[in-house]
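The next block holds one structure in the form of structure tokens; read it before the comments.
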Amino acid sequence: MGIQVENLVKTFRRPRHREGILGALSDLVYREYDEKKAVDNISFKIEPGEVVGYLGPNGAGKSTTIKMLAGILTPTSGSIRVGGLIPHTQRIENTKRIGVLFGQRSQLWWEIPVSESFQLLKYMYKISEADFRKRLGVFEELISLSDIYHLPVRILSLGQRMRAEMCAALLHQPDVLYLDEPTIGLDAVVKENIRNFIKQTNQETGTTVVLTTHDMPDIEKLCSRVIVIDRGRVMFDGNLEMLKHRFGSQNKLIVEVEDGLPDPQRLLLNGADEVIQEGRSSIITYDRNRRNSAGFLSDLAQLHKIIDFSVNEPDIEEIIRRMYKSLNQSDVESRN
Ligand SMILES: Nc1ncnc2c1ncn2[C@@H]1O[C@H](COP(=O)(O)OP(=O)(O)OP(=O)(O)O)[C@@H](O)[C@H]1O
């Protein structure tokens with residue numbers, strides 16, 4: 001199922017708190033409000049079966065968008081179509097076709113065993129006994145459920161609960177899955193299990209997946225495309241290769257020479273963007289679209305005996321960090 005979002009806006013009205021006792025009394029008599037545009041004219045189109053990472057710094061508007069896509073929040077303006085439906089007006093039909101997981105909040109009933117939550121979901125979504133059994137079998141195979149199936153949710157560890165939450169979100173075999181921070185707070189092994197589960201579900205059932213995350217391996221492992229937002233606006237929409245090309249052209253050459261340290265000024269004159277010396281190593285940062293490691297190495301070899309060297313390309317974590325930094329810089333520039 002595809003998703004179409006056009007000129008989406010969500011403005012929140014927040015009561016303004018005036019300072020001091022007089023301020024508090026005035027607040028009681030006459031409330032003033034601040035407006036916050038959490039989502040500011042966002043448009044994108046997601047094809048059926050795509051796995052899209054919806055990224056951005058804290059407070060960028062990711063959760064607000066997901067809540068509008070899921071029909072939990074009503075947009076201030078703009079339009080959303082999920083498989084042709086308008087989520088906030090056709091809530092019931094829409095809910096049947098989507099699965100939602102908010103990593104920070106539980107969708108399961110706290111006091112009752114996972115198995116009974118699943119029975120309730122089976123009833124709510126009118127899942128046949130045969131389909132129910134079949135899906136439990138798939139979940140068991142992909143993520144293993146039997147160890148926690150009869151335990152009440154409140155006694156589950158975070159990792160155990162997230163396994164149950166993922167299965168609960170997928171029990172009715174939704175066409176679209178919205179995941180808000182699905183791996184937050186999990187240990188490395190559970191994270192990897194959850195990622196595999198999402199990937200296999202997408203591959204086997206063609207479920208469209210939109211996920212927000214601050215976890216870079218989630219993105220690398222899962223997302224064929226990323227949409228990056230900042231202060232409610234789309235800053236980048238494309239595949240990871242495009243993102244790497246735009247923000248990941250800086251390589252690091254790490255060199256160790258026999259006789260002391262090379263002259264940083266000379267390296268900077270030769271086109272290095274930055275030279276950091278740590279112990280016996282020199283870390284030379286350069287833009288690989290303009291320079292290459294061979295150039296630096298041959299120049300260094302004229303004056304030094306090179307003992308060791310390596311070249312590091314930036315990983316996705318570094319690329320996103322640079323992108324967020326450049327978003328902040330453009331903010332500072334536009335304010336000046
Ligand atoms: N119910 C609300 N009332 C008022 N303001 C809100 C409400 N929900 C979110 N906001 C504000 O809207 C902005 C976007 O919030 P949102 O939760 O969508 O960000 P986010 O990108 O998901 O952030 P994070 O990565 O920290 O989860 C923030 O400034 C937030 O304070």
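Convention: chains lettered A, B, ... in structure tokens order; per-chain residue numbering from 1; ligands numbered from 1 as shown.
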Enumerate as a ChimeraX atom specification the residues within 12 Å of ligand 1, counting only C-alpha atoms and all ligand atoms.
/A:9-16,33-40,54-68,72-74,102-104,179-182,184,211-215,228-234
Using DSSP on the backbone coordinates, identify the residues of region 26-136 of chain A assigned to strand (DSSP E); present them as a ChimeraX atom specification.
/A:32-46,51-55,77-82,98-102
Hey, could you make a per-residue contact list for region 126-229 of chain A against region 239-248 of chain A with 8 Å as the cut-off, showing the nearest pair of atoms and its distance in Å to one decimal, counting only C-alpha atoms, sorted by chain and number, as a tab-separated table?
```
residue	atom	partner	partner_atom	distance
A:Glu220	CA	A:Leu240	CA	7.9
A:Cys223	CA	A:Leu240	CA	7.9
A:Ser224	CA	A:Asn239	CA	5.9
A:Arg225	CA	A:Asn239	CA	4.2
A:Val226	CA	A:Asn239	CA	5.9
```
Can you tell me, as a list of chain:residue names, what residues are no more than 10 Å from Leu136 (chain A) when counting only C-alpha atoms, ignoring any on the same chain fewer than 4 positions away?
A:Phe118, A:Asp131, A:Phe132, A:Glu140, A:Glu141, A:Leu142, A:Ser144, A:Leu145, A:Ser146, A:Cys167, A:Leu171
Close residues, Val5 (chain A) itself excluded, 9 Å, only C-alpha atoms, min 6 positions apart in chain, as a PyMOL selection string
chain A and resi 42-46+69+78-82
Dump as a compact mmCIF listing (two decimals), in the first residue's frame, selection limited to C-alpha atoms:
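Wrote it out as out.txt, contents follow:
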```txt
# COMPACT_ATOMS: atom_id res chain seq x y z
CA ILE A 42 5.84 18.32 4.21
CA SER A 43 5.25 16.37 0.98
CA PHE A 44 6.44 12.90 -0.02
CA LYS A 45 5.26 9.77 -1.76
CA ILE A 46 6.07 6.25 -0.61
CA LEU A 69 -0.13 8.99 9.10
CA GLY A 78 -2.55 19.43 3.81
CA SER A 79 -3.52 15.93 2.79
CA ILE A 80 -2.59 12.33 3.55
CA ARG A 81 -3.71 9.25 1.63
CA VAL A 82 -2.68 5.81 2.83
```
